[in-house]
Structures are given as C-alpha cells and as structure tokens.
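Source file: coords_2.cif (mmCIF, C-alpha atoms, pLDDT in the B column; chains and numbers go by the auth columns)
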```cif
data_final
loop_
_atom_site.group_PDB
_atom_site.id
_atom_site.type_symbol
_atom_site.label_atom_id
_atom_site.label_comp_id
_atom_site.label_asym_id
_atom_site.label_seq_id
_atom_site.Cartn_x
_atom_site.Cartn_y
_atom_site.Cartn_z
_atom_site.B_iso_or_equiv
_atom_site.auth_seq_id
_atom_site.auth_asym_id
ATOM 1 C CA ALA A 1 300.116 54.199 -11.603 76.00 241 C
ATOM 2 C CA GLN A 2 296.481 54.875 -10.937 83.00 242 C
ATOM 3 C CA SER A 3 294.761 53.720 -7.774 90.00 243 C
ATOM 4 C CA VAL A 4 291.394 53.955 -6.079 94.00 244 C
ATOM 5 C CA THR A 5 290.685 54.005 -2.358 96.00 245 C
ATOM 6 C CA GLN A 6 287.344 53.302 -0.804 97.00 246 C
ATOM 7 C CA PRO A 7 287.929 53.940 2.895 96.00 247 C
ATOM 8 C CA ASP A 8 284.766 52.285 4.150 95.00 248 C
ATOM 9 C CA ILE A 9 284.585 48.497 3.921 94.00 249 C
ATOM 10 C CA HIS A 10 281.076 48.361 5.392 95.00 250 C
ATOM 11 C CA ILE A 11 278.400 50.988 5.799 97.00 251 C
ATOM 12 C CA THR A 12 275.063 50.496 7.531 97.00 252 C
ATOM 13 C CA VAL A 13 272.236 52.891 6.765 97.00 253 C
ATOM 14 C CA SER A 14 268.603 52.899 7.794 97.00 254 C
ATOM 15 C CA GLU A 15 266.056 52.627 5.042 97.00 255 C
ATOM 16 C CA GLY A 16 264.991 56.077 3.961 97.00 256 C
ATOM 17 C CA ALA A 17 268.144 57.736 5.245 98.00 257 C
ATOM 18 C CA SER A 18 270.685 59.459 3.053 97.00 258 C
ATOM 19 C CA LEU A 19 273.843 57.766 1.858 97.00 259 C
ATOM 20 C CA GLU A 20 277.350 58.825 0.940 98.00 260 C
ATOM 21 C CA LEU A 21 280.033 56.387 -0.175 98.00 261 C
ATOM 22 C CA ARG A 22 283.540 57.739 -0.343 98.00 262 C
ATOM 23 C CA CYS A 23 286.027 57.285 -3.155 98.00 263 C
ATOM 24 C CA ASN A 24 289.469 58.799 -3.573 97.00 264 C
ATOM 25 C CA TYR A 25 291.602 58.284 -6.627 94.00 265 C
ATOM 26 C CA SER A 26 295.173 58.782 -7.658 91.00 266 C
ATOM 27 C CA TYR A 27 295.854 59.541 -11.293 83.00 267 C
ATOM 28 C CA GLY A 28 298.222 61.850 -13.069 72.00 268 C
ATOM 29 C CA ALA A 29 295.891 63.230 -15.686 76.00 269 C
ATOM 30 C CA THR A 30 292.189 63.882 -15.915 75.00 270 C
ATOM 31 C CA PRO A 31 290.567 60.719 -14.670 83.00 271 C
ATOM 32 C CA TYR A 32 287.658 58.840 -16.091 88.00 272 C
ATOM 33 C CA LEU A 33 285.636 57.794 -13.046 92.00 273 C
ATOM 34 C CA PHE A 34 282.912 55.228 -12.573 93.00 274 C
ATOM 35 C CA TRP A 35 280.672 53.798 -9.888 96.00 275 C
ATOM 36 C CA TYR A 36 279.437 50.231 -10.236 95.00 276 C
ATOM 37 C CA VAL A 37 277.093 48.149 -8.096 96.00 277 C
ATOM 38 C CA GLN A 38 277.453 44.399 -7.697 93.00 278 C
ATOM 39 C CA SER A 39 274.633 42.244 -6.422 88.00 279 C
ATOM 40 C CA PRO A 40 274.998 38.521 -5.681 79.00 280 C
ATOM 41 C CA GLY A 41 274.655 36.451 -8.822 72.00 281 C
ATOM 42 C CA GLN A 42 274.626 39.492 -11.087 76.00 282 C
ATOM 43 C CA GLY A 43 277.260 41.294 -13.047 80.00 283 C
ATOM 44 C CA LEU A 44 278.507 44.727 -12.217 89.00 284 C
ATOM 45 C CA GLN A 45 276.065 47.400 -13.220 91.00 285 C
ATOM 46 C CA LEU A 46 277.171 50.910 -14.075 91.00 286 C
ATOM 47 C CA LEU A 47 275.541 53.527 -11.867 95.00 287 C
ATOM 48 C CA LEU A 48 277.202 56.602 -13.324 93.00 288 C
ATOM 49 C CA LYS A 49 280.386 57.922 -14.865 91.00 289 C
ATOM 50 C CA TYR A 50 282.349 61.136 -15.137 91.00 290 C
ATOM 51 C CA PHE A 51 284.600 62.211 -17.966 84.00 291 C
ATOM 52 C CA SER A 52 284.363 65.967 -18.155 82.00 292 C
ATOM 53 C CA GLY A 53 282.001 68.880 -17.814 85.00 293 C
ATOM 54 C CA ASP A 54 279.584 69.256 -14.951 88.00 294 C
ATOM 55 C CA THR A 55 281.183 67.872 -11.823 91.00 295 C
ATOM 56 C CA LEU A 56 277.855 66.679 -10.420 96.00 296 C
ATOM 57 C CA VAL A 57 276.832 63.566 -12.268 95.00 297 C
ATOM 58 C CA GLN A 58 273.418 61.978 -12.181 96.00 298 C
ATOM 59 C CA GLY A 59 273.070 58.241 -12.507 96.00 299 C
ATOM 60 C CA ILE A 60 270.493 55.503 -12.409 95.00 300 C
ATOM 61 C CA LYS A 61 268.415 54.472 -9.414 95.00 301 C
ATOM 62 C CA GLY A 62 268.538 57.959 -7.926 97.00 302 C
ATOM 63 C CA PHE A 63 272.308 58.017 -7.381 98.00 303 C
ATOM 64 C CA GLU A 64 274.565 60.975 -7.999 98.00 304 C
ATOM 65 C CA ALA A 65 278.270 61.630 -7.575 98.00 305 C
ATOM 66 C CA GLU A 66 280.379 64.728 -7.364 96.00 306 C
ATOM 67 C CA PHE A 67 283.861 65.026 -8.804 95.00 307 C
ATOM 68 C CA LYS A 68 286.166 67.206 -6.701 94.00 308 C
ATOM 69 C CA ARG A 69 289.537 67.575 -8.321 91.00 309 C
ATOM 70 C CA SER A 70 291.042 69.442 -5.372 92.00 310 C
ATOM 71 C CA GLN A 71 290.232 66.533 -3.083 94.00 311 C
ATOM 72 C CA SER A 72 290.777 63.759 -5.650 93.00 312 C
ATOM 73 C CA SER A 73 287.388 62.456 -4.692 96.00 313 C
ATOM 74 C CA PHE A 74 284.335 61.090 -6.443 97.00 314 C
ATOM 75 C CA ASN A 75 281.815 60.368 -3.696 98.00 315 C
ATOM 76 C CA LEU A 76 278.542 58.611 -4.411 98.00 316 C
ATOM 77 C CA ARG A 77 275.335 59.885 -2.833 98.00 317 C
ATOM 78 C CA LYS A 78 271.686 59.031 -2.614 98.00 318 C
ATOM 79 C CA PRO A 79 269.136 61.107 -0.681 97.00 319 C
ATOM 80 C CA SER A 80 266.988 58.200 0.465 97.00 320 C
ATOM 81 C CA VAL A 81 268.049 54.566 0.329 97.00 321 C
ATOM 82 C CA HIS A 82 265.793 51.610 -0.299 96.00 322 C
ATOM 83 C CA TRP A 83 266.270 48.069 0.963 95.00 323 C
ATOM 84 C CA SER A 84 267.030 47.007 -2.599 95.00 324 C
ATOM 85 C CA ASP A 85 270.142 49.201 -2.558 96.00 325 C
ATOM 86 C CA ALA A 86 271.915 46.703 -0.312 96.00 326 C
ATOM 87 C CA ALA A 87 274.868 45.511 -2.386 96.00 327 C
ATOM 88 C CA GLU A 88 278.579 45.956 -2.995 95.00 328 C
ATOM 89 C CA TYR A 89 279.622 49.258 -4.526 97.00 329 C
ATOM 90 C CA PHE A 90 282.817 49.779 -6.463 96.00 330 C
ATOM 91 C CA CYS A 91 284.480 52.969 -7.543 96.00 331 C
ATOM 92 C CA ALA A 92 286.762 52.657 -10.564 93.00 332 C
ATOM 93 C CA VAL A 93 289.101 54.792 -12.617 90.00 333 C
ATOM 94 C CA GLY A 94 290.020 54.336 -16.242 84.00 334 C
ATOM 95 C CA ALA A 95 293.126 55.586 -17.947 71.00 335 C
ATOM 96 C CA SER A 96 291.397 55.921 -21.263 60.00 336 C
ATOM 97 C CA GLY A 97 287.946 57.256 -21.791 52.00 337 C
ATOM 98 C CA GLY A 98 287.686 55.289 -24.993 49.00 338 C
ATOM 99 C CA GLY A 99 287.550 52.106 -23.009 52.00 339 C
ATOM 100 C CA ALA A 100 290.704 50.765 -24.587 59.00 340 C
ATOM 101 C CA ASP A 101 292.137 50.104 -21.167 74.00 341 C
ATOM 102 C CA GLY A 102 290.770 48.062 -18.350 82.00 342 C
ATOM 103 C CA LEU A 103 289.585 49.695 -15.171 88.00 343 C
ATOM 104 C CA THR A 104 291.256 49.994 -11.782 90.00 344 C
ATOM 105 C CA PHE A 105 288.801 49.289 -9.004 93.00 345 C
ATOM 106 C CA GLY A 106 288.658 50.180 -5.354 95.00 346 C
ATOM 107 C CA LYS A 107 288.156 47.397 -2.838 93.00 347 C
ATOM 108 C CA GLY A 108 284.470 48.073 -2.594 95.00 348 C
ATOM 109 C CA THR A 109 282.039 49.176 0.080 96.00 349 C
ATOM 110 C CA HIS A 110 279.444 46.748 1.351 95.00 350 C
ATOM 111 C CA LEU A 111 276.182 48.579 1.965 97.00 351 C
ATOM 112 C CA ILE A 112 273.796 47.194 4.569 97.00 352 C
ATOM 113 C CA ILE A 113 270.284 48.601 4.858 96.00 353 C
ATOM 114 C CA GLN A 114 268.570 48.459 8.216 95.00 354 C
ATOM 115 C CA PRO A 115 264.764 48.328 8.281 90.00 355 C
ATOM 116 C CA GLY B 1 271.144 47.312 -23.106 69.00 73 Q
ATOM 117 C CA ALA B 2 274.289 45.392 -23.925 81.00 74 Q
ATOM 118 C CA VAL B 3 274.381 41.918 -22.395 89.00 75 Q
ATOM 119 C CA VAL B 4 277.447 39.877 -21.582 92.00 76 Q
ATOM 120 C CA SER B 5 277.161 36.261 -20.529 94.00 77 Q
ATOM 121 C CA GLN B 6 279.629 33.862 -18.976 96.00 78 Q
ATOM 122 C CA HIS B 7 279.669 30.103 -18.920 97.00 79 Q
ATOM 123 C CA PRO B 8 279.829 28.258 -16.691 97.00 80 Q
ATOM 124 C CA SER B 9 278.604 30.268 -13.734 95.00 81 Q
ATOM 125 C CA TRP B 10 280.514 27.989 -11.405 95.00 82 Q
ATOM 126 C CA VAL B 11 282.932 25.116 -11.804 97.00 83 Q
ATOM 127 C CA ILE B 12 284.734 22.744 -9.472 97.00 84 Q
ATOM 128 C CA CYS B 13 287.785 20.908 -10.738 96.00 85 Q
ATOM 129 C CA LYS B 14 290.635 18.799 -9.479 96.00 86 Q
ATOM 130 C CA SER B 15 294.118 20.183 -9.097 97.00 87 Q
ATOM 131 C CA GLY B 16 296.139 19.783 -12.262 97.00 88 Q
ATOM 132 C CA THR B 17 293.248 19.940 -14.686 97.00 89 Q
ATOM 133 C CA SER B 18 292.435 22.763 -17.084 97.00 90 Q
ATOM 134 C CA VAL B 19 289.247 24.779 -17.079 97.00 91 Q
ATOM 135 C CA LYS B 20 287.795 26.936 -19.852 97.00 92 Q
ATOM 136 C CA ILE B 21 285.541 29.899 -19.160 98.00 93 Q
ATOM 137 C CA GLU B 22 283.568 31.534 -21.956 97.00 94 Q
ATOM 138 C CA CYS B 23 282.577 35.163 -22.217 96.00 95 Q
ATOM 139 C CA ARG B 24 280.028 36.134 -24.846 95.00 96 Q
ATOM 140 C CA SER B 25 278.566 39.427 -25.962 92.00 97 Q
ATOM 141 C CA LEU B 26 274.979 38.530 -26.793 92.00 98 Q
ATOM 142 C CA ASP B 27 273.653 41.528 -28.679 87.00 99 Q
ATOM 143 C CA PHE B 28 276.715 43.368 -29.893 86.00 100 Q
ATOM 144 C CA GLN B 29 280.143 42.777 -31.329 87.00 101 Q
ATOM 145 C CA ALA B 30 283.029 43.379 -28.990 86.00 102 Q
ATOM 146 C CA THR B 31 286.455 44.012 -30.416 83.00 103 Q
ATOM 147 C CA THR B 32 287.833 44.354 -26.914 89.00 104 Q
ATOM 148 C CA MET B 33 287.056 42.276 -23.873 93.00 105 Q
ATOM 149 C CA PHE B 34 288.654 42.318 -20.455 94.00 106 Q
ATOM 150 C CA TRP B 35 289.233 39.607 -17.879 96.00 107 Q
ATOM 151 C CA TYR B 36 289.221 40.385 -14.166 96.00 108 Q
ATOM 152 C CA ARG B 37 289.803 38.302 -11.082 96.00 109 Q
ATOM 153 C CA GLN B 38 288.055 38.959 -7.798 93.00 110 Q
ATOM 154 C CA PHE B 39 289.115 37.413 -4.500 85.00 111 Q
ATOM 155 C CA PRO B 40 286.576 37.139 -1.680 80.00 112 Q
ATOM 156 C CA LYS B 41 285.823 40.527 -0.166 76.00 113 Q
ATOM 157 C CA GLN B 42 288.371 42.081 -2.492 81.00 114 Q
ATOM 158 C CA SER B 43 288.441 44.302 -5.489 88.00 115 Q
ATOM 159 C CA LEU B 44 288.465 43.279 -9.109 91.00 116 Q
ATOM 160 C CA MET B 45 291.947 43.011 -10.521 93.00 117 Q
ATOM 161 C CA LEU B 46 292.467 43.368 -14.242 93.00 118 Q
ATOM 162 C CA MET B 47 294.209 40.287 -15.608 95.00 119 Q
ATOM 163 C CA ALA B 48 294.325 40.898 -19.325 94.00 120 Q
ATOM 164 C CA THR B 49 292.882 42.709 -22.291 92.00 121 Q
ATOM 165 C CA SER B 50 291.595 40.533 -25.069 90.00 122 Q
ATOM 166 C CA ASN B 51 291.488 41.914 -28.601 87.00 123 Q
ATOM 167 C CA GLU B 52 289.723 40.069 -31.377 85.00 124 Q
ATOM 168 C CA GLY B 53 292.151 38.498 -33.781 84.00 125 Q
ATOM 169 C CA SER B 54 295.302 39.329 -31.857 86.00 126 Q
ATOM 170 C CA LYS B 55 297.183 38.251 -28.790 89.00 127 Q
ATOM 171 C CA ALA B 56 295.950 39.246 -25.396 92.00 128 Q
ATOM 172 C CA THR B 57 297.764 41.849 -23.361 92.00 129 Q
ATOM 173 C CA TYR B 58 298.459 40.672 -19.834 94.00 130 Q
ATOM 174 C CA GLU B 59 298.885 42.820 -16.760 92.00 131 Q
ATOM 175 C CA GLN B 60 302.111 42.672 -14.839 91.00 132 Q
ATOM 176 C CA GLY B 61 302.291 39.632 -12.627 92.00 133 Q
ATOM 177 C CA VAL B 62 299.738 37.582 -14.550 94.00 134 Q
ATOM 178 C CA GLU B 63 301.158 34.360 -15.957 94.00 135 Q
ATOM 179 C CA LYS B 64 300.220 34.206 -19.627 93.00 136 Q
ATOM 180 C CA ASP B 65 301.009 30.494 -19.802 95.00 137 Q
ATOM 181 C CA LYS B 66 298.721 29.814 -16.863 96.00 138 Q
ATOM 182 C CA PHE B 67 295.818 31.955 -18.070 97.00 139 Q
ATOM 183 C CA LEU B 68 295.336 31.445 -21.804 96.00 140 Q
ATOM 184 C CA ILE B 69 293.036 33.911 -23.513 95.00 141 Q
ATOM 185 C CA ASN B 70 291.561 33.468 -26.953 92.00 142 Q
ATOM 186 C CA HIS B 71 289.365 36.063 -28.648 90.00 143 Q
ATOM 187 C CA ALA B 72 288.625 34.248 -31.868 83.00 144 Q
ATOM 188 C CA SER B 73 285.417 36.041 -32.785 90.00 145 Q
ATOM 189 C CA LEU B 74 283.730 39.367 -32.165 89.00 146 Q
ATOM 190 C CA THR B 75 281.324 37.805 -29.690 92.00 147 Q
ATOM 191 C CA LEU B 76 283.429 35.280 -27.819 94.00 148 Q
ATOM 192 C CA SER B 77 286.496 35.376 -25.626 95.00 149 Q
ATOM 193 C CA THR B 78 287.688 32.403 -23.615 96.00 150 Q
ATOM 194 C CA LEU B 79 289.900 32.150 -20.558 97.00 151 Q
ATOM 195 C CA THR B 80 291.559 28.799 -19.942 97.00 152 Q
ATOM 196 C CA VAL B 81 293.118 28.197 -16.565 97.00 153 Q
ATOM 197 C CA THR B 82 295.758 25.574 -17.264 97.00 154 Q
ATOM 198 C CA SER B 83 296.965 23.064 -14.688 96.00 155 Q
ATOM 199 C CA ALA B 84 294.756 24.678 -12.087 97.00 156 Q
ATOM 200 C CA HIS B 85 295.783 24.702 -8.446 96.00 157 Q
ATOM 201 C CA PRO B 86 293.866 25.662 -5.304 96.00 158 Q
ATOM 202 C CA GLU B 87 295.399 29.136 -5.333 95.00 159 Q
ATOM 203 C CA ASP B 88 293.683 29.725 -8.686 96.00 160 Q
ATOM 204 C CA SER B 89 290.313 29.447 -6.982 96.00 161 Q
ATOM 205 C CA SER B 90 288.606 32.753 -7.451 95.00 162 Q
ATOM 206 C CA PHE B 91 285.770 34.638 -9.104 95.00 163 Q
ATOM 207 C CA TYR B 92 286.550 35.452 -12.720 97.00 164 Q
ATOM 208 C CA ILE B 93 284.658 38.248 -14.429 96.00 165 Q
ATOM 209 C CA CYS B 94 284.778 39.385 -18.011 96.00 166 Q
ATOM 210 C CA SER B 95 283.657 42.654 -19.513 93.00 167 Q
ATOM 211 C CA ALA B 96 283.212 43.926 -23.025 91.00 168 Q
ATOM 212 C CA ARG B 97 283.545 47.335 -24.502 84.00 169 Q
ATOM 213 C CA VAL B 98 280.605 48.357 -26.643 75.00 170 Q
ATOM 214 C CA PRO B 99 281.686 50.130 -29.804 67.00 171 Q
ATOM 215 C CA LEU B 100 280.247 53.627 -30.074 61.00 172 Q
ATOM 216 C CA ALA B 101 278.776 53.388 -26.610 59.00 173 Q
ATOM 217 C CA GLY B 102 279.374 55.923 -23.918 59.00 174 Q
ATOM 218 C CA VAL B 103 283.011 56.792 -23.549 57.00 175 Q
ATOM 219 C CA GLY B 104 284.860 54.193 -21.535 60.00 176 Q
ATOM 220 C CA GLU B 105 281.801 52.130 -20.808 73.00 177 Q
ATOM 221 C CA GLN B 106 282.215 48.407 -20.270 83.00 178 Q
ATOM 222 C CA PHE B 107 279.516 45.835 -19.695 88.00 179 Q
ATOM 223 C CA PHE B 108 280.247 43.043 -17.276 91.00 180 Q
ATOM 224 C CA GLY B 109 279.341 39.403 -17.264 93.00 181 Q
ATOM 225 C CA PRO B 110 277.888 37.780 -14.134 92.00 182 Q
ATOM 226 C CA GLY B 111 281.162 36.041 -13.311 94.00 183 Q
ATOM 227 C CA THR B 112 282.392 32.464 -12.950 96.00 184 Q
ATOM 228 C CA ARG B 113 283.219 30.957 -9.593 95.00 185 Q
ATOM 229 C CA LEU B 114 286.171 28.566 -9.913 96.00 186 Q
ATOM 230 C CA THR B 115 286.996 26.182 -7.093 96.00 187 Q
ATOM 231 C CA VAL B 116 290.055 23.984 -7.433 97.00 188 Q
ATOM 232 C CA LEU B 117 290.237 21.038 -5.074 96.00 189 Q
#
```
Write-out of the structure in structure tokens:
Amino acid sequence: AQSVTQPDIHITVSEGASLELRCNYSYGATPYLFWYVQSPGQGLQLLLKYFSGDTLVQGIKGFEAEFKRSQSSFNLRKPSVHWSDAAEYFCAVGASGGGADGLTFGKGTHLIIQP
Amino acid sequence: GAVVSQHPSWVICKSGTSVKIECRSLDFQATTMFWYRQFPKQSLMLMATSNEGSKATYEQGVEKDKFLINHASLTLSTLTVTSAHPEDSSFYICSARVPLAGVGEQFFGPGTRLTVL
C-alpha cells in the first residue's frame, strides 16, 4: 500500500527566507506525486505535480519540488517566502496518473511565517 | 480554472439525524468524484470514489450504509451521513477529476464542517 510521510508538523520561517518542506513516499511503482496547499475556508489548491521526465518541477506561486527516486522524496522548496504563504501544505501520491484513483495524503505541514 | 463547490459549508445536527452534503462541479462535467474526510490537524483520508451512474467504491473500513453516496449527474455528487453520531463530526471534502485535464489532477471543494451534537 502506498503511504506519504511529512516529518515536520510545524515549520516556522521568517519572511523572505528560503523554505523546504519534506515529503517521503512509499510506493511500489513509479509514483504520481503532488503538493497541495490548504488555506482556511478554501479548498486544496494544487501547487505542482510530478509524473515523469524532469525531476525538478516548477509550480505556481514560485514553488518548486524535486523528485529523488533514490531517497523516495519529493521535497517542496521556495527561495523566498511571503506572509501569504502561511498555510497547511500536503504532499500526496496517486496510484494512477489518470486520476481514476483517489490520492493518499501525508499528514500535512503547518507553515508559520514570522515577520 | 475548474471550480468545485460544496454545500453546506458547515452544518450542525442532532445525533441520530441524517445530513446530506452536496458536491458540484460548476464549469465542467465530472464522471469521477472523490470524497475525503479530514480530522482536526490530520490528513485527508479517502472515503470513496463516486462514479456517475454507478455505485460508489468505498475504501476499506468505510461503512457504506453509514455514508451513502449518489452521483446521479455529471455535475453533482452527494454524501449522506445517515444516523449521524458525534464521532462522525469531521471536515468532509470532495474533489472532482477534470476530463482531459492534466494527468491525475483533481480539483477540490472548500469542504463541509459537520458537527454532530
């Protein structure tokens, strides 16, 4: 069975500093990986996704993630965070790239931005 | 972009009553929708996959008689929590797969907060 681990429950970063959120997955085949952001009162928004090809994926809002098969990781990064980035971030893995299956989510990382 | 709505956004009910939550795709037709449950400070757990015109597929451990799912049209799926109890209190989120969209991409509704007294 597939699983996703986000080791950090909370992360506090100063505004303007760089950010890295960790994600490790367990899946037998090539995974389909996603990062979502959840803000209060809003639905989950897709930041980026990886299916194949270039292991460095660019997303919206200045985020990027790197797929490392050898480490079973898909860490999310941003070079300079803004106060509006404060939110809950979820890493997810899908068994089917066609979207026929639901996603398995990590427990999330709560990002706090210090002024 | 694709928009998914949920109604109501929050609901409070008495123990033993049934509650219906609607999930609508506003600007596209969704043959497949998904229902997730999120506990406070926890991850989203997939409950079931809803396919238009056919029975829903439930994940292991999810009571199909407790959580009734109906996907009667290409834009609407409903989740009915029957004989709700306090332990059913949770945040319920639906998502819809957009046909021909990016591989694997799902669009999520804003969620429904259910509180059972």
Item to check | Explicit residue set for the PyMOL selection byres ((chain Q) within 8 of (chain C)), as a VMD selection string | outcome: chain Q and resid 104 106 113 to 118 121 169 175 to 183
Mind dumping the selected residues with C-alpha atoms as an mmCIF file, in the frame of the given file?
```cif
data_model
loop_
_atom_site.group_PDB
_atom_site.id
_atom_site.type_symbol
_atom_site.label_atom_id
_atom_site.label_comp_id
_atom_site.auth_asym_id
_atom_site.auth_seq_id
_atom_site.Cartn_x
_atom_site.Cartn_y
_atom_site.Cartn_z
ATOM 1 C CA THR Q 104 287.833 44.354 -26.914
ATOM 2 C CA PHE Q 106 288.654 42.318 -20.455
ATOM 3 C CA LYS Q 113 285.823 40.527 -0.166
ATOM 4 C CA GLN Q 114 288.371 42.081 -2.492
ATOM 5 C CA SER Q 115 288.441 44.302 -5.489
ATOM 6 C CA LEU Q 116 288.465 43.279 -9.109
ATOM 7 C CA MET Q 117 291.947 43.011 -10.521
ATOM 8 C CA LEU Q 118 292.467 43.368 -14.242
ATOM 9 C CA THR Q 121 292.882 42.709 -22.291
ATOM 10 C CA ARG Q 169 283.545 47.335 -24.502
ATOM 11 C CA VAL Q 175 283.011 56.792 -23.549
ATOM 12 C CA GLY Q 176 284.860 54.193 -21.535
ATOM 13 C CA GLU Q 177 281.801 52.130 -20.808
ATOM 14 C CA GLN Q 178 282.215 48.407 -20.270
ATOM 15 C CA PHE Q 179 279.516 45.835 -19.695
ATOM 16 C CA PHE Q 180 280.247 43.043 -17.276
ATOM 17 C CA GLY Q 181 279.341 39.403 -17.264
ATOM 18 C CA PRO Q 182 277.888 37.780 -14.134
ATOM 19 C CA GLY Q 183 281.162 36.041 -13.311
#
```
Next on the checklist: So that I can see what lies close to range 142-151 of chain Q, please list as a ChimeraX atom specification the residues with an atom at most 8 Å from it, counting all atoms listed in the file and leaving out residues fewer than 2 positions away in the same chain.
Outcome noted: /Q:92-98,100-103,105,107,122-128,139-140,153
Item to check | Contacts of range 80-82 of chain Q at 6 Å (all atoms listed in the file; same-chain gap of 4+ positions) as a PyMOL selection string | outcome: chain Q and resi 184-186
Checklist entry - In Å, how far is it from CA of Ser87 in chain Q to CA of Ser155 in chain Q? => result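 Interatomic distance, CA of Ser87 in chain Q to CA of Ser155 in chain Q: 6.9 Å.
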Next on the checklist: Could you list, as a PyMOL selection string, every residue matched by the PyMOL selection byres ((chain C and resi 243) around 7) in this structure?
Outcome noted: chain C and resi 241-242+244-245+265-267+344
Checklist entry - For the atom pair CA of Ala257 in chain C and CA of Leu287 in chain C, what is the interatomic distance in Å to one decimal place? => result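 Those two atoms sit 19.1 Å apart.
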Item to check | Interatomic distance (Å, one decimal) between CA of Ser90 in chain Q and CA of Ala74 in chain Q | outcome: 29.8 Å
Item to check | Test item: the PyMOL selection byres ((chain C and resi 295-304) around 10) resolved as a list in words | outcome: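 Output of the PyMOL selection byres ((chain C and resi 295-304) around 10): Leu259, Glu260, Trp275, Gln285, Leu286, Leu287, Leu288, Lys289, Tyr290, Phe291, Ser292, Gly293, Asp294, Ala305, Glu306, Phe307, Lys308, Arg309, Phe314, Asn315, Leu316, Arg317, Lys318, Pro319, Ser320, Val321, His322 and Asp325 of chain C.
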Box centre and edge lengths (Å, one decimal), axis-aligned, range 309-322 of chain C plus 4 Å each side, as AutoDock Vina command-line options:
```
--center_x 278.4 --center_y 60.5 --center_z -3.9 --size_x 33.2 --size_y 25.8 --size_z 16.8
```
Item to check | Counting all atoms listed in the file, the residue of C:Ser312, C:Gly256, C:Arg262, C:Ile353 that sits nearest Ala326 in chain C | outcome: C:Ile353
How would range 294-305 of chain C look written as a CSV table (one decimal), in the first residue's frame with N, CA and C atoms?
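After the write, decode.csv holds the following:
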```
chain,number,residue,atom,x,y,z
C,294,ASP,N,11.6,15.5,-16.3
C,294,ASP,CA,12.5,16.3,-15.5
C,294,ASP,C,12.1,16.1,-14.0
C,295,THR,N,13.1,15.8,-13.2
C,295,THR,CA,12.8,15.6,-11.8
C,295,THR,C,12.6,16.9,-11.0
C,296,LEU,N,13.0,18.0,-11.5
C,296,LEU,CA,12.7,19.3,-10.9
C,296,LEU,C,11.5,19.9,-11.5
C,297,VAL,N,10.5,20.1,-10.7
C,297,VAL,CA,9.2,20.5,-11.2
C,297,VAL,C,8.9,21.9,-10.7
C,298,GLN,N,8.5,22.8,-11.6
C,298,GLN,CA,8.1,24.1,-11.2
C,298,GLN,C,6.6,24.2,-11.0
C,299,GLY,N,6.2,25.0,-10.0
C,299,GLY,CA,4.8,25.1,-9.8
C,299,GLY,C,4.4,26.6,-9.7
C,300,ILE,N,3.2,26.8,-9.2
C,300,ILE,CA,2.7,28.1,-9.0
C,300,ILE,C,3.2,28.8,-7.8
C,301,LYS,N,3.1,30.1,-7.7
C,301,LYS,CA,3.5,30.9,-6.6
C,301,LYS,C,5.0,30.8,-6.3
C,302,GLY,N,5.8,30.5,-7.2
C,302,GLY,CA,7.2,30.4,-7.0
C,302,GLY,C,7.7,29.1,-6.4
C,303,PHE,N,6.9,28.1,-6.2
C,303,PHE,CA,7.3,26.9,-5.6
C,303,PHE,C,7.9,25.9,-6.6
C,304,GLU,N,8.8,25.1,-6.1
C,304,GLU,CA,9.3,24.0,-7.0
C,304,GLU,C,9.5,22.8,-6.1
C,305,ALA,N,9.6,21.6,-6.7
C,305,ALA,CA,9.9,20.4,-5.9
C,305,ALA,C,10.8,19.5,-6.8
```
